[in-house]
Amino acid sequence: MARLFRFVEKKRGGRRTGSNLVGNFGEALFFGSLFLVGMLALSVLLASHLLAPDPASFTIGFGKWLFLLLMASFVLLGGGGMIWTVLRIGVSAERRSALATRAVDLDLMQEAVPRPRNYPAIPPFDGLVNSPGIDLAYRLPPAQTPGWQLLAMTIFGLLWTGVVCFFTVWTISNALAGRPEWLLTALLVPFWAVCYWAIREFLQLLVVNSGTGSTTVEISDLPLAPGHEYQVAIAQHGQLTMKSLELWLVCEEEATFTQGTDIRSEVREVWRQLCFERRDFRIEAGVPFQEQCAIAVPPTAMHSFYSPHNAVRWKLVARGEADGWPAFERGFPLVVYPGEATQQVEVAGHVARAALTPPHVPLPAAGVRA
Amino acid sequence: MIEPLLSLCLAGPNRNFAAGDELVCEYQIDAVEPADIQAVELSVLWYTEGKGEEDMGVHFFERRLPADAEDGDLRPMRRLRSKLPNSPLSYRGAIVSVFWCVRLRLFLRRGREFVVEEPFTLGSVPAVLPAIAEPS
Amino acid sequence: MTSNPFATRHIRPGAVDYIFPPGQSAAALIERLRASGWFGQIIGPHGSGKSTLLAALAPALKQAGRTVHSYHLGTLRQFHPKDYLDKLPPSGRGLLVIDGYEQLSWWWRRRTLATCRRHDIGLLVTAHQDMGLPTLLTTEPTLALAKQVVRRLLGPDEATIAGGDVKRAWDEAGGNLREALFKLYDVYQSRRG
């Protein structure tokens with residue numbers, strides 16, 4: 001059983017035995033500390049240069065330049081490292097290796113996706129087929145990259161902490177020089193409060209995104225055609241005790257209305273079908289849970305549709321509940337083309353009987369959209 | 001002032017078409033002097049309706065000026081053909097609907113405009129019925 | 001396929017007639033605007049019909065001999081006040097109409113007002129709060145007004161939506177007429193089968 005923390009981590013083939021969460025947390029801590037040390041040191045240097053009573057007594061020589069460069073590199077390495085850590089959440093080494101192997105085997109002539117006939121107002125699917133899967137043809141990109149929120153919080157936290165560090169050093173330097181700046185000192189209190197909030201939010205997001213592990217979905221073909229069956233492979237990573245893992249095929253409509261300052265956007269789920277469900281099982285670190293199932297868009301379903309203010313979208317939604325973690329929900333967009341049945345004047349009787357079934361009760365909102 | 005009479009009709013009895021079918025329509029203008037007509041536009045288009053802003057896509061468009069017509073008279077009957085596309089299919093959804101129509105627009109002098117439409121259905125996607133929690 | 005009478009194409013400003021409060025009319029409002037030197041404001045909360053009222057006043061303004069230059073300020077629209085200030089016609093019978101005036105900064109509002117006065121051009125605006133111009137009308141939708149609007153939208157299809165439906169939608173929308181109409185869209189859609 002993988003331990004939470006080991007001084008020496010073993011590599012067993014392509015797998016690691018350590019905890020992904022601890023690894024990411026440790027990296028963030030290391031790079032964060034590097035950034036903070038660099039920022040504080042730079043602030044002291046700048047403050048002492050700007051506040052020196054006699055600028056002539058402060059000369060920037062070789063030593064000072066070296067120190068400046070060293071601290072600037074700490075800031076860049078620390079900040080860049082934090083952002084790099086955040087961006088790599090969810091991408092496994094196994095996937096990178098498999099893709100590299102598969103790339104060698106690809107037959108470019110056979111892999112060329114035939115250009116579809118003209119289908120106006122249907123969103124392009126090029127962005128969905130440019131990522132080959134490991135088990136099936138394509139790996140679907142997530143509808144909402146969980147890292148964006150974390151990345152935004154990281155960048156905000158870095159910038160804010162940097163600014164607050166500088167002003168803190170400035171205030172202390174002035175106070176030590178006998179010129180206390182009371183207004184700035186008073187402002188530092190809420191500044192540090194925001195800093196504390198930003199760091200806390202960042203750590204929370206880091207834990208949630210690292211701890212629950214990524215969900216990957218692959219599909220046998222794209223675009224989808226109503227009435228045809230496709231294979232889907234779902235893989236859930238992490239070290240989790242799962243209460244449930246479900247995969248739904250969902251159709252939703254979106255309408256956006258703008259009038260003056262009012263921007264009203266509504267999303268309405270119009271159809272869903274449970275494709276896969278598993279309850280009460282455990283996922284071990286480095287051994288993702290994997291399962292395949294079949295999906296089929298109903299033969300009379302509306303195709304994907306896109307216009308500037310209105311859309312009909314299809315997607316696969318993975319919903320999971322794990323012990324000790326908030327429930328998560330991850331969407332993977334699909335493109336559905338018009339079906340043979342609905343392109344005709346009338347739908348055949350046997351096909352109509354398998355039509356979309358109203359009414360529909362939407363999925364309850366999950367705790368965290370990660 | 002007498003309003004011009006615009007006649008627009010689709011050939012055949014049906015208003016339902018399959019993707020790739022040929023749409024044939026005819027139009028004619030009456031009760032207006034030829035010299036008063038600045039332009040005539042005929043378009044085959046789809047538009048959205050529902051809770052969002054209206055979007056529109058023009059599949060076929062023809063604009064004729066008096067110089068394009070015999071004797072400069074745009075009034076006589078004109079027949080047009082257009083092969084219908086594969087998408088978007090007509091759709092009546094919960095908050096988004098897609099409708100198709102042929103639209104005839106007449107431009108007269110002094111900025112006057114007149115429009116008539118003839119709706120039709122492309123494909124056969126069944127309507128989606130939204131779930132509304134009726135009060136008990 | 002028949003159209004849902006509560007779709008945006010039927011309820012957007014200009015598509016539905018503005019129902020004036022008792023004692024008010026387009027002509028009366030234009031007279032009040034004229035009396036205030038062609039400077040005025042229409043204020044009211046979100047979805048209360050300000051833009052619809054502007055659309056209703058357009059023919060009366062034209063009849064009063066004013067040349068109207070309209071601008072609708074939206075959050076997503078890339079718009080700068082210089083776009084209209086540079087295009088203002090020389091003094092005459094012009095009227096600048098700005099829908100969403102509160103979206104301009106204090107500086108641009110001052111500058112717009114000063115430019116209009118300098119060019120002898122009127123200014124009619126809509127806003128959510130008082131902008132310091134003479135108030136022509138404060139739009140305050142009521143349940144009774146909402147029922148009138150719904151009756152006009154439904155036309156002969158009146159039986160589909162009952163008074164109780166309108167009240168329920170009105171209460172759920174917190175008095176926002178546009179939101180209430182959006183809720184009635186769903187009710188109509190589910191009932192027409």
# chains A, B, ... in the order shown; residues from 1 in each chain; ligands from 1
call {"tool": "interface_residues", "arguments": {"of": "chain C", "to": "chain B", "cutoff": "8 Å", "atoms": "only C-alpha atoms", "output": "MDAnalysis selection string"}}
result
chainID C and resid 1 3:4 6:9 182 185:187 189:190 193
call {"tool": "write_last_selection", "arguments": {"atoms": "N, CA, C and O atoms", "output": "short mmCIF file (atom, residue, chain, number, x, y, z; two decimals), in the first residue's frame"}}
result
data_model
loop_
_atom_site.label_atom_id
_atom_site.label_comp_id
_atom_site.auth_asym_id
_atom_site.auth_seq_id
_atom_site.Cartn_x
_atom_site.Cartn_y
_atom_site.Cartn_z
N MET C 1 -44.45 24.88 -37.36
CA MET C 1 -44.23 25.09 -35.92
C MET C 1 -44.65 26.51 -35.56
O MET C 1 -44.24 27.48 -36.20
N SER C 3 -44.92 29.89 -33.08
CA SER C 3 -43.93 30.57 -32.27
C SER C 3 -44.42 30.70 -30.83
O SER C 3 -45.61 30.84 -30.57
N ASN C 4 -43.47 30.63 -29.89
CA ASN C 4 -43.80 30.88 -28.48
C ASN C 4 -43.92 32.38 -28.30
O ASN C 4 -42.97 33.12 -28.59
N PHE C 6 -43.63 34.23 -25.92
CA PHE C 6 -42.71 34.83 -24.94
C PHE C 6 -41.25 34.71 -25.39
O PHE C 6 -40.34 34.98 -24.61
N ALA C 7 -41.03 34.28 -26.62
CA ALA C 7 -39.66 34.22 -27.15
C ALA C 7 -39.12 35.65 -27.23
O ALA C 7 -39.87 36.62 -27.33
N THR C 8 -37.79 35.76 -27.24
CA THR C 8 -37.18 37.09 -27.18
C THR C 8 -37.57 37.96 -28.36
O THR C 8 -37.66 39.18 -28.23
N ARG C 9 -37.85 37.33 -29.50
CA ARG C 9 -38.19 38.14 -30.65
C ARG C 9 -39.53 38.86 -30.45
O ARG C 9 -39.80 39.86 -31.11
N PHE C 182 -39.80 35.48 -19.18
CA PHE C 182 -38.98 34.31 -19.48
C PHE C 182 -39.52 33.07 -18.78
O PHE C 182 -39.48 31.96 -19.31
N TYR C 185 -42.38 31.78 -20.63
CA TYR C 185 -41.93 31.06 -21.84
C TYR C 185 -41.93 29.56 -21.58
O TYR C 185 -42.44 28.77 -22.38
N ASP C 186 -41.36 29.18 -20.44
CA ASP C 186 -41.28 27.76 -20.11
C ASP C 186 -42.67 27.16 -19.90
O ASP C 186 -42.94 26.04 -20.31
N VAL C 187 -43.52 27.91 -19.23
CA VAL C 187 -44.87 27.40 -18.95
C VAL C 187 -45.61 27.17 -20.27
O VAL C 187 -46.23 26.12 -20.49
N GLN C 189 -44.32 26.74 -23.22
CA GLN C 189 -43.65 25.70 -24.00
C GLN C 189 -44.08 24.32 -23.53
O GLN C 189 -44.28 23.41 -24.33
N SER C 190 -44.25 24.17 -22.23
CA SER C 190 -44.60 22.85 -21.70
C SER C 190 -46.06 22.53 -21.96
O SER C 190 -46.44 21.36 -22.01
N GLY C 193 -47.57 21.38 -25.99
CA GLY C 193 -47.46 19.99 -26.43
C GLY C 193 -46.70 19.76 -27.71
O GLY C 193 -46.12 20.66 -28.26
#
call {"tool": "select_by_dssp", "arguments": {"residues": "segment 103-258 of chain A", "states": "strand (DSSP E)", "output": "count of residues only"}}
result
34
call {"tool": "select_by_dssp", "arguments": {"residues": "segment 199-286 of chain A", "states": "alpha helix (DSSP H)", "output": "number ranges by chain"}}
result
A: 199-211
call {"tool": "atom_distance", "arguments": {"atom1": "atom CA of Arg105 of chain B", "atom2": "atom CA of Asn118 of chain A"}}
result
27.5 Å
call {"tool": "closest_residue", "arguments": {"among": "B:Pro34, B:Pro4, B:Pro88, B:Gly111", "to": "chain A", "atoms": "only C-alpha atoms"}}
result
B:Pro88
call {"tool": "closest_atom_pairs", "arguments": {"of": "chain A", "to": "chain B", "cutoff": "6 Å", "atoms": "only C-alpha atoms", "output": "Markdown table"}}
result
| residue | atom | partner | partner_atom | distance |
| --- | --- | --- | --- | --- |
| A:Tyr119 | CA | B:Ser87 | CA | 5.4 |
| A:Pro120 | CA | B:Ser87 | CA | 5.6 |
| A:Ala255 | CA | B:Gly52 | CA | 4.2 |
| A:Thr256 | CA | B:Gly52 | CA | 4.4 |
| A:Phe257 | CA | B:Gly52 | CA | 4.5 |
| A:Thr300 | CA | B:Val125 | CA | 5.8 |
| A:His309 | CA | B:Glu53 | CA | 5.7 |
| A:Thr342 | CA | B:Ser124 | CA | 4.7 |
| A:Gln343 | CA | B:Gly123 | CA | 4.5 |
| A:Gln344 | CA | B:Ala18 | CA | 4.5 |
| A:Val345 | CA | B:Ala18 | CA | 4.8 |
| A:Glu346 | CA | B:Ser124 | CA | 5.4 |
| A:Pro358 | CA | B:Leu129 | CA | 5.8 |
| A:Pro359 | CA | B:Ala131 | CA | 4.9 |
| A:His360 | CA | B:Ala131 | CA | 5.7 |
call {"tool": "closest_atom_pairs", "arguments": {"of": "chain C", "to": "chain A", "cutoff": "12 Å", "atoms": "only C-alpha atoms", "output": "Markdown table"}}
result
| residue | atom | partner | partner_atom | distance |
| --- | --- | --- | --- | --- |
| C:Ala7 | CA | A:Phe257 | CA | 10.7 |
| C:Thr8 | CA | A:Phe257 | CA | 7.9 |
| C:Arg9 | CA | A:Phe257 | CA | 10.6 |
| C:Ile11 | CA | A:Gln259 | CA | 11.2 |
| C:Arg12 | CA | A:Gln259 | CA | 8.3 |
| C:Pro13 | CA | A:Gln259 | CA | 8.9 |
| C:Pro45 | CA | A:Asp262 | CA | 10.9 |
| C:His46 | CA | A:Asp262 | CA | 7.4 |
| C:Gly47 | CA | A:Asp262 | CA | 8.3 |
| C:Ser48 | CA | A:Gln259 | CA | 11.7 |
| C:Gly49 | CA | A:Gln259 | CA | 10.8 |
| C:Lys50 | CA | A:Gly260 | CA | 9.9 |
| C:Ser51 | CA | A:Gly260 | CA | 8.3 |
| C:Thr52 | CA | A:Gln259 | CA | 10.8 |
| C:Tyr71 | CA | A:Gly260 | CA | 10.4 |
| C:His72 | CA | A:Gly260 | CA | 6.7 |
| C:Leu73 | CA | A:Gly260 | CA | 5.9 |
| C:Gly74 | CA | A:Gly260 | CA | 4.5 |
| C:Thr75 | CA | A:Thr261 | CA | 5.4 |
| C:Leu76 | CA | A:Thr258 | CA | 8.5 |
| C:Arg77 | CA | A:Gly260 | CA | 9.6 |
| C:Ile98 | CA | A:Gly260 | CA | 10.4 |
| C:Asp99 | CA | A:Gly260 | CA | 7.0 |
| C:Gly100 | CA | A:Gly260 | CA | 5.8 |
| C:Tyr101 | CA | A:Gly260 | CA | 9.6 |
| C:Glu102 | CA | A:Thr261 | CA | 9.5 |
| C:Gln103 | CA | A:Thr261 | CA | 8.0 |
| C:Leu104 | CA | A:Thr261 | CA | 11.6 |
| C:Thr126 | CA | A:Gly260 | CA | 9.8 |
| C:Ala127 | CA | A:Gly260 | CA | 9.7 |
| C:His128 | CA | A:Thr261 | CA | 9.9 |
| C:Asn176 | CA | A:Asp262 | CA | 11.7 |
| C:Arg178 | CA | A:Gln259 | CA | 10.2 |
| C:Glu179 | CA | A:Arg264 | CA | 9.5 |
| C:Phe182 | CA | A:Arg264 | CA | 10.4 |
| C:Lys183 | CA | A:Glu266 | CA | 11.7 |
| C:Asp186 | CA | A:Arg268 | CA | 11.0 |
| C:Ser190 | CA | A:Pro359 | CA | 9.5 |
| C:Gly193 | CA | A:Pro358 | CA | 11.0 |
call {"tool": "atom_distance", "arguments": {"atom1": "atom CA of Leu143 of chain C", "atom2": "atom CA of Trp170 of chain C"}}
result
6.8 Å
call {"tool": "residues_around", "arguments": {"residues": "Leu151 of chain A", "least_positions_apart": "6", "cutoff": "10 Å", "atoms": "only C-alpha atoms", "output": "PyMOL selection string"}}
result
chain A and resi 82-87+157+202+205-206
call {"tool": "decode", "arguments": {"residues": "segment 2-148 of chain C", "atoms": "C-alpha atoms", "output": "PDB file, in the first residue's frame"}}
result
ATOM      1  CA  THR C   2     -45.915  27.979 -34.123  1.00  0.00           C
ATOM      2  CA  SER C   3     -43.931  30.574 -32.266  1.00  0.00           C
ATOM      3  CA  ASN C   4     -43.798  30.876 -28.483  1.00  0.00           C
ATOM      4  CA  PRO C   5     -45.240  34.356 -27.763  1.00  0.00           C
ATOM      5  CA  PHE C   6     -42.708  34.833 -24.939  1.00  0.00           C
ATOM      6  CA  ALA C   7     -39.663  34.222 -27.151  1.00  0.00           C
ATOM      7  CA  THR C   8     -37.176  37.088 -27.179  1.00  0.00           C
ATOM      8  CA  ARG C   9     -38.189  38.142 -30.651  1.00  0.00           C
ATOM      9  CA  HIS C  10     -41.661  38.988 -29.308  1.00  0.00           C
ATOM     10  CA  ILE C  11     -40.679  40.667 -26.039  1.00  0.00           C
ATOM     11  CA  ARG C  12     -37.592  42.655 -27.028  1.00  0.00           C
ATOM     12  CA  PRO C  13     -37.886  46.465 -27.067  1.00  0.00           C
ATOM     13  CA  GLY C  14     -39.813  47.542 -30.115  1.00  0.00           C
ATOM     14  CA  ALA C  15     -41.515  44.189 -30.575  1.00  0.00           C
ATOM     15  CA  VAL C  16     -44.111  44.739 -27.881  1.00  0.00           C
ATOM     16  CA  ASP C  17     -46.065  47.967 -27.439  1.00  0.00           C
ATOM     17  CA  TYR C  18     -45.330  49.930 -24.321  1.00  0.00           C
ATOM     18  CA  ILE C  19     -48.324  50.204 -22.026  1.00  0.00           C
ATOM     19  CA  PHE C  20     -48.364  53.702 -20.579  1.00  0.00           C
ATOM     20  CA  PRO C  21     -49.523  54.280 -17.001  1.00  0.00           C
ATOM     21  CA  PRO C  22     -52.915  55.955 -16.655  1.00  0.00           C
ATOM     22  CA  GLY C  23     -52.691  59.588 -17.620  1.00  0.00           C
ATOM     23  CA  GLN C  24     -49.483  59.154 -19.566  1.00  0.00           C
ATOM     24  CA  SER C  25     -48.879  58.876 -23.290  1.00  0.00           C
ATOM     25  CA  ALA C  26     -46.073  59.229 -25.769  1.00  0.00           C
ATOM     26  CA  ALA C  27     -47.304  62.699 -26.716  1.00  0.00           C
ATOM     27  CA  ALA C  28     -47.434  63.809 -23.069  1.00  0.00           C
ATOM     28  CA  LEU C  29     -43.889  62.605 -22.440  1.00  0.00           C
ATOM     29  CA  ILE C  30     -42.597  64.358 -25.548  1.00  0.00           C
ATOM     30  CA  GLU C  31     -44.240  67.565 -24.347  1.00  0.00           C
ATOM     31  CA  ARG C  32     -42.552  67.185 -20.973  1.00  0.00           C
ATOM     32  CA  LEU C  33     -39.237  66.601 -22.725  1.00  0.00           C
ATOM     33  CA  ARG C  34     -39.792  69.680 -24.862  1.00  0.00           C
ATOM     34  CA  ALA C  35     -40.622  71.732 -21.753  1.00  0.00           C
ATOM     35  CA  SER C  36     -37.306  70.707 -20.159  1.00  0.00           C
ATOM     36  CA  GLY C  37     -35.337  71.858 -23.156  1.00  0.00           C
ATOM     37  CA  TRP C  38     -35.111  68.387 -24.681  1.00  0.00           C
ATOM     38  CA  PHE C  39     -33.109  67.012 -21.755  1.00  0.00           C
ATOM     39  CA  GLY C  40     -34.562  64.121 -19.813  1.00  0.00           C
ATOM     40  CA  GLN C  41     -34.145  60.693 -18.319  1.00  0.00           C
ATOM     41  CA  ILE C  42     -36.192  57.521 -17.973  1.00  0.00           C
ATOM     42  CA  ILE C  43     -35.235  55.624 -14.856  1.00  0.00           C
ATOM     43  CA  GLY C  44     -36.236  52.216 -13.556  1.00  0.00           C
ATOM     44  CA  PRO C  45     -34.924  48.828 -12.451  1.00  0.00           C
ATOM     45  CA  HIS C  46     -33.763  45.956 -14.684  1.00  0.00           C
ATOM     46  CA  GLY C  47     -36.389  44.593 -17.041  1.00  0.00           C
ATOM     47  CA  SER C  48     -38.923  47.330 -16.275  1.00  0.00           C
ATOM     48  CA  GLY C  49     -39.445  48.479 -19.856  1.00  0.00           C
ATOM     49  CA  LYS C  50     -37.116  51.459 -20.242  1.00  0.00           C
ATOM     50  CA  SER C  51     -35.811  50.366 -23.651  1.00  0.00           C
ATOM     51  CA  THR C  52     -39.340  49.430 -24.721  1.00  0.00           C
ATOM     52  CA  LEU C  53     -40.508  52.929 -23.788  1.00  0.00           C
ATOM     53  CA  LEU C  54     -37.681  54.470 -25.827  1.00  0.00           C
ATOM     54  CA  ALA C  55     -38.790  52.440 -28.825  1.00  0.00           C
ATOM     55  CA  ALA C  56     -42.376  53.625 -28.260  1.00  0.00           C
ATOM     56  CA  LEU C  57     -41.273  57.280 -28.170  1.00  0.00           C
ATOM     57  CA  ALA C  58     -39.318  57.080 -31.441  1.00  0.00           C
ATOM     58  CA  PRO C  59     -42.262  57.803 -33.792  1.00  0.00           C
ATOM     59  CA  ALA C  60     -43.485  60.670 -31.591  1.00  0.00           C
ATOM     60  CA  LEU C  61     -39.993  62.180 -31.520  1.00  0.00           C
ATOM     61  CA  LYS C  62     -39.824  62.009 -35.284  1.00  0.00           C
ATOM     62  CA  GLN C  63     -43.217  63.664 -35.492  1.00  0.00           C
ATOM     63  CA  ALA C  64     -41.982  66.403 -33.200  1.00  0.00           C
ATOM     64  CA  GLY C  65     -39.328  67.124 -35.786  1.00  0.00           C
ATOM     65  CA  ARG C  66     -36.308  65.800 -33.881  1.00  0.00           C
ATOM     66  CA  THR C  67     -33.497  63.937 -35.628  1.00  0.00           C
ATOM     67  CA  VAL C  68     -32.717  61.066 -33.292  1.00  0.00           C
ATOM     68  CA  HIS C  69     -29.250  59.517 -32.847  1.00  0.00           C
ATOM     69  CA  SER C  70     -29.611  56.384 -30.718  1.00  0.00           C
ATOM     70  CA  TYR C  71     -26.947  54.437 -28.897  1.00  0.00           C
ATOM     71  CA  HIS C  72     -27.464  51.323 -26.806  1.00  0.00           C
ATOM     72  CA  LEU C  73     -24.711  50.698 -24.319  1.00  0.00           C
ATOM     73  CA  GLY C  74     -24.238  47.057 -23.453  1.00  0.00           C
ATOM     74  CA  THR C  75     -21.664  45.414 -21.261  1.00  0.00           C
ATOM     75  CA  LEU C  76     -20.223  43.370 -24.101  1.00  0.00           C
ATOM     76  CA  ARG C  77     -20.273  46.085 -26.721  1.00  0.00           C
ATOM     77  CA  GLN C  78     -16.999  47.779 -27.555  1.00  0.00           C
ATOM     78  CA  PHE C  79     -18.119  51.358 -27.433  1.00  0.00           C
ATOM     79  CA  HIS C  80     -16.538  54.670 -26.610  1.00  0.00           C
ATOM     80  CA  PRO C  81     -18.394  57.933 -26.045  1.00  0.00           C
ATOM     81  CA  LYS C  82     -16.135  59.587 -28.608  1.00  0.00           C
ATOM     82  CA  ASP C  83     -17.934  57.404 -31.161  1.00  0.00           C
ATOM     83  CA  TYR C  84     -20.992  59.578 -30.862  1.00  0.00           C
ATOM     84  CA  LEU C  85     -19.519  62.836 -29.608  1.00  0.00           C
ATOM     85  CA  ASP C  86     -17.466  63.182 -32.770  1.00  0.00           C
ATOM     86  CA  LYS C  87     -20.484  62.470 -34.926  1.00  0.00           C
ATOM     87  CA  LEU C  88     -22.910  64.899 -33.317  1.00  0.00           C
ATOM     88  CA  PRO C  89     -24.468  67.116 -35.962  1.00  0.00           C
ATOM     89  CA  PRO C  90     -24.166  70.854 -35.710  1.00  0.00           C
ATOM     90  CA  SER C  91     -26.789  72.675 -33.676  1.00  0.00           C
ATOM     91  CA  GLY C  92     -30.306  72.070 -34.823  1.00  0.00           C
ATOM     92  CA  ARG C  93     -33.091  69.682 -34.087  1.00  0.00           C
ATOM     93  CA  GLY C  94     -31.000  66.719 -33.036  1.00  0.00           C
ATOM     94  CA  LEU C  95     -31.620  64.491 -30.049  1.00  0.00           C
ATOM     95  CA  LEU C  96     -29.020  62.131 -28.628  1.00  0.00           C
ATOM     96  CA  VAL C  97     -30.621  59.049 -27.057  1.00  0.00           C
ATOM     97  CA  ILE C  98     -28.437  56.859 -24.864  1.00  0.00           C
ATOM     98  CA  ASP C  99     -29.842  53.612 -23.499  1.00  0.00           C
ATOM     99  CA  GLY C 100     -27.833  52.515 -20.468  1.00  0.00           C
ATOM    100  CA  TYR C 101     -26.412  55.926 -19.556  1.00  0.00           C
ATOM    101  CA  GLU C 102     -25.130  54.811 -16.142  1.00  0.00           C
ATOM    102  CA  GLN C 103     -22.504  52.669 -17.841  1.00  0.00           C
ATOM    103  CA  LEU C 104     -20.597  55.827 -18.801  1.00  0.00           C
ATOM    104  CA  SER C 105     -18.109  57.179 -16.287  1.00  0.00           C
ATOM    105  CA  TRP C 106     -18.830  60.421 -14.461  1.00  0.00           C
ATOM    106  CA  TRP C 107     -16.337  62.211 -16.694  1.00  0.00           C
ATOM    107  CA  TRP C 108     -17.923  61.040 -19.951  1.00  0.00           C
ATOM    108  CA  ARG C 109     -21.402  61.805 -18.679  1.00  0.00           C
ATOM    109  CA  ARG C 110     -20.317  65.397 -17.908  1.00  0.00           C
ATOM    110  CA  ARG C 111     -18.642  65.652 -21.251  1.00  0.00           C
ATOM    111  CA  THR C 112     -21.668  64.287 -23.104  1.00  0.00           C
ATOM    112  CA  LEU C 113     -23.966  66.756 -21.360  1.00  0.00           C
ATOM    113  CA  ALA C 114     -21.666  69.685 -22.020  1.00  0.00           C
ATOM    114  CA  THR C 115     -21.247  68.748 -25.681  1.00  0.00           C
ATOM    115  CA  CYS C 116     -24.986  68.424 -26.192  1.00  0.00           C
ATOM    116  CA  ARG C 117     -25.574  71.840 -24.641  1.00  0.00           C
ATOM    117  CA  ARG C 118     -22.810  73.357 -26.708  1.00  0.00           C
ATOM    118  CA  HIS C 119     -24.214  71.875 -29.925  1.00  0.00           C
ATOM    119  CA  ASP C 120     -27.783  72.748 -28.934  1.00  0.00           C
ATOM    120  CA  ILE C 121     -28.762  69.085 -29.116  1.00  0.00           C
ATOM    121  CA  GLY C 122     -31.138  67.363 -26.752  1.00  0.00           C
ATOM    122  CA  LEU C 123     -30.232  64.387 -24.567  1.00  0.00           C
ATOM    123  CA  LEU C 124     -32.607  61.603 -23.543  1.00  0.00           C
ATOM    124  CA  VAL C 125     -31.218  58.735 -21.493  1.00  0.00           C
ATOM    125  CA  THR C 126     -32.282  55.617 -19.658  1.00  0.00           C
ATOM    126  CA  ALA C 127     -30.655  54.555 -16.422  1.00  0.00           C
ATOM    127  CA  HIS C 128     -31.195  52.493 -13.307  1.00  0.00           C
ATOM    128  CA  GLN C 129     -30.812  55.497 -11.012  1.00  0.00           C
ATOM    129  CA  ASP C 130     -31.055  59.276 -11.092  1.00  0.00           C
ATOM    130  CA  MET C 131     -28.497  60.801 -13.433  1.00  0.00           C
ATOM    131  CA  GLY C 132     -29.287  64.407 -12.628  1.00  0.00           C
ATOM    132  CA  LEU C 133     -31.453  65.064 -15.680  1.00  0.00           C
ATOM    133  CA  PRO C 134     -35.160  65.958 -15.549  1.00  0.00           C
ATOM    134  CA  THR C 135     -37.115  62.739 -15.023  1.00  0.00           C
ATOM    135  CA  LEU C 136     -39.640  62.022 -17.728  1.00  0.00           C
ATOM    136  CA  LEU C 137     -40.904  58.811 -16.255  1.00  0.00           C
ATOM    137  CA  THR C 138     -39.950  56.238 -13.671  1.00  0.00           C
ATOM    138  CA  THR C 139     -40.805  52.791 -14.990  1.00  0.00           C
ATOM    139  CA  GLU C 140     -42.372  50.720 -12.220  1.00  0.00           C
ATOM    140  CA  PRO C 141     -43.930  47.530 -13.497  1.00  0.00           C
ATOM    141  CA  THR C 142     -46.790  46.076 -11.502  1.00  0.00           C
ATOM    142  CA  LEU C 143     -48.538  42.707 -11.560  1.00  0.00           C
ATOM    143  CA  ALA C 144     -51.501  44.328 -13.304  1.00  0.00           C
ATOM    144  CA  LEU C 145     -49.201  45.671 -15.995  1.00  0.00           C
ATOM    145  CA  ALA C 146     -47.578  42.268 -16.365  1.00  0.00           C
ATOM    146  CA  LYS C 147     -51.002  40.696 -16.906  1.00  0.00           C
ATOM    147  CA  GLN C 148     -51.818  43.292 -19.565  1.00  0.00           C
TER     148      GLN C 148
END
